Amino acid sequence: MAAERKAARQPAWVAMSPEQAEMTKLDVDTRTEIYSLGALLYQLVTGRTPLEGLSLERSSYPELLRRIREEAPPAVSSRLESPDAPELDWIVAKALEKDRERRYASADGMARDLRRFLDGEPVDAAAFVL
């Protein structure tokens, strides 16, 4: 329960996409939401945020935005006790890709890959990392 309450209180920048952190006039589109879904999935699977230590208590606001734009989170499997699903790493990595052109184009595409993963079928995100 404590972890659920903590997750509910996470600040918005935990799921802020790199293009939002750029703070430019670049259009925010569906791929921005895919990034946020990837951050949520990461946290649900690992119990941790993709970029740990993102807080204004530890960093300045410009530093926080820089980390969102530039730092890649550790692979999901590196934060699990029994890492045996590289496909899940691939799906989350594709959703959290810094370059929005390389992310899933839609939530439906990400959902199809998650369904294939759960059904033990090959996932499209494999092509992303290979």
# chains A, B, ... in the order shown; residues from 1 in each chain; ligands from 1
>>> residues_around(residues="region 67-82 of chain A", least_positions_apart="3", cutoff="12 Å", atoms="only C-alpha atoms", output="ChimeraX atom specification")
/A:12-23,35-36,38-39,41-55,59-64,85-100
>>> residues_around(residues="Val123 (chain A)", least_positions_apart="6", cutoff="7 Å", atoms="only C-alpha atoms", output="list in words")
Glu87, Asp113, Arg116 and Phe117 of chain A
>>> write_last_selection(atoms="C-alpha atoms", output="PDB file, in the first residue's frame")
ATOM      1  CA  GLU A  87      10.945  -8.785 -24.908  1.00  0.00           C
ATOM      2  CA  ASP A 113       3.152  -5.799 -28.676  1.00  0.00           C
ATOM      3  CA  ARG A 116       2.065 -10.679 -28.168  1.00  0.00           C
ATOM      4  CA  PHE A 117       4.492 -10.675 -25.223  1.00  0.00           C
TER       5      PHE A 117
END
>>> atom_distance(atom1="CA of Glu101 (chain A)", atom2="CA of Leu114 (chain A)")
19.6 Å
>>> closest_residue(among="A:Thr24, A:Asp108, A:Arg58, A:Arg102", to="Ala125 (chain A)", atoms="only C-alpha atoms")
A:Arg102
>>> select_by_dssp(residues="chain A", states="alpha helix (DSSP H)", output="NGL selection string")
:A and (2-8 or 18-22 or 30-46 or 61-70 or 86-95 or 107-118 or 125-129)
>>> write_last_selection(atoms="C-alpha atoms", output="PDB file, in the first residue's frame")
ATOM      1  CA  ALA A   2       2.814   2.445   0.799  1.00  0.00           C
ATOM      2  CA  ALA A   3       4.308   1.943  -2.688  1.00  0.00           C
ATOM      3  CA  GLU A   4       0.888   2.585  -4.255  1.00  0.00           C
ATOM      4  CA  ARG A   5       0.484   5.826  -2.301  1.00  0.00           C
ATOM      5  CA  LYS A   6       4.001   6.898  -3.266  1.00  0.00           C
ATOM      6  CA  ALA A   7       3.302   6.194  -6.957  1.00  0.00           C
ATOM      7  CA  ALA A   8       0.089   8.219  -6.781  1.00  0.00           C
ATOM      8  CA  PRO A  18      12.046  14.515 -23.797  1.00  0.00           C
ATOM      9  CA  GLU A  19      10.203  16.754 -26.255  1.00  0.00           C
ATOM     10  CA  GLN A  20       8.225  18.269 -23.396  1.00  0.00           C
ATOM     11  CA  ALA A  21      11.479  18.803 -21.484  1.00  0.00           C
ATOM     12  CA  GLU A  22      12.871  20.672 -24.506  1.00  0.00           C
ATOM     13  CA  THR A  30       0.492  10.703 -29.478  1.00  0.00           C
ATOM     14  CA  ARG A  31       4.119   9.645 -29.198  1.00  0.00           C
ATOM     15  CA  THR A  32       4.441  11.898 -26.148  1.00  0.00           C
ATOM     16  CA  GLU A  33       1.647   9.898 -24.539  1.00  0.00           C
ATOM     17  CA  ILE A  34       3.433   6.671 -25.513  1.00  0.00           C
ATOM     18  CA  TYR A  35       6.457   7.900 -23.564  1.00  0.00           C
ATOM     19  CA  SER A  36       4.245   8.499 -20.522  1.00  0.00           C
ATOM     20  CA  LEU A  37       2.688   5.037 -20.899  1.00  0.00           C
ATOM     21  CA  GLY A  38       6.188   3.567 -21.073  1.00  0.00           C
ATOM     22  CA  ALA A  39       7.164   5.389 -17.878  1.00  0.00           C
ATOM     23  CA  LEU A  40       4.041   4.084 -16.155  1.00  0.00           C
ATOM     24  CA  LEU A  41       4.662   0.521 -17.379  1.00  0.00           C
ATOM     25  CA  TYR A  42       8.279   0.762 -16.203  1.00  0.00           C
ATOM     26  CA  GLN A  43       7.128   1.816 -12.751  1.00  0.00           C
ATOM     27  CA  LEU A  44       4.421  -0.857 -12.564  1.00  0.00           C
ATOM     28  CA  VAL A  45       6.864  -3.631 -13.488  1.00  0.00           C
ATOM     29  CA  THR A  46       9.876  -2.505 -11.431  1.00  0.00           C
ATOM     30  CA  TYR A  61      15.059  22.436 -12.663  1.00  0.00           C
ATOM     31  CA  PRO A  62      17.387  22.778 -15.707  1.00  0.00           C
ATOM     32  CA  GLU A  63      19.321  19.682 -14.550  1.00  0.00           C
ATOM     33  CA  LEU A  64      16.091  17.756 -14.113  1.00  0.00           C
ATOM     34  CA  LEU A  65      15.021  18.647 -17.673  1.00  0.00           C
ATOM     35  CA  ARG A  66      18.469  17.738 -19.024  1.00  0.00           C
ATOM     36  CA  ARG A  67      18.253  14.269 -17.460  1.00  0.00           C
ATOM     37  CA  ILE A  68      14.821  13.702 -19.006  1.00  0.00           C
ATOM     38  CA  ARG A  69      16.151  14.724 -22.443  1.00  0.00           C
ATOM     39  CA  GLU A  70      19.451  12.843 -22.326  1.00  0.00           C
ATOM     40  CA  PRO A  86      14.094  -9.463 -22.878  1.00  0.00           C
ATOM     41  CA  GLU A  87      10.945  -8.785 -24.908  1.00  0.00           C
ATOM     42  CA  LEU A  88       9.600  -6.642 -22.062  1.00  0.00           C
ATOM     43  CA  ASP A  89      12.881  -4.687 -22.052  1.00  0.00           C
ATOM     44  CA  TRP A  90      12.422  -4.087 -25.781  1.00  0.00           C
ATOM     45  CA  ILE A  91       8.805  -2.936 -25.452  1.00  0.00           C
ATOM     46  CA  VAL A  92       9.563  -0.520 -22.628  1.00  0.00           C
ATOM     47  CA  ALA A  93      12.738   0.754 -24.339  1.00  0.00           C
ATOM     48  CA  LYS A  94      10.791   1.469 -27.524  1.00  0.00           C
ATOM     49  CA  ALA A  95       8.119   3.352 -25.565  1.00  0.00           C
ATOM     50  CA  ALA A 107      -1.124   3.125 -28.083  1.00  0.00           C
ATOM     51  CA  ASP A 108      -2.693   0.382 -30.193  1.00  0.00           C
ATOM     52  CA  GLY A 109       0.729  -0.617 -31.548  1.00  0.00           C
ATOM     53  CA  MET A 110       2.158  -0.770 -28.035  1.00  0.00           C
ATOM     54  CA  ALA A 111      -0.882  -2.732 -26.808  1.00  0.00           C
ATOM     55  CA  ARG A 112      -0.481  -5.258 -29.656  1.00  0.00           C
ATOM     56  CA  ASP A 113       3.152  -5.799 -28.676  1.00  0.00           C
ATOM     57  CA  LEU A 114       2.206  -6.242 -25.020  1.00  0.00           C
ATOM     58  CA  ARG A 115      -0.469  -8.785 -26.011  1.00  0.00           C
ATOM     59  CA  ARG A 116       2.065 -10.679 -28.168  1.00  0.00           C
ATOM     60  CA  PHE A 117       4.492 -10.675 -25.223  1.00  0.00           C
ATOM     61  CA  LEU A 118       1.822 -12.049 -22.871  1.00  0.00           C
ATOM     62  CA  ALA A 125       9.878  -4.130 -30.687  1.00  0.00           C
ATOM     63  CA  ALA A 126      12.529  -6.800 -31.325  1.00  0.00           C
ATOM     64  CA  ALA A 127      13.237  -5.105 -34.663  1.00  0.00           C
ATOM     65  CA  PHE A 128      13.765  -1.875 -32.718  1.00  0.00           C
ATOM     66  CA  VAL A 129      16.767  -3.254 -30.835  1.00  0.00           C
TER      67      VAL A 129
END
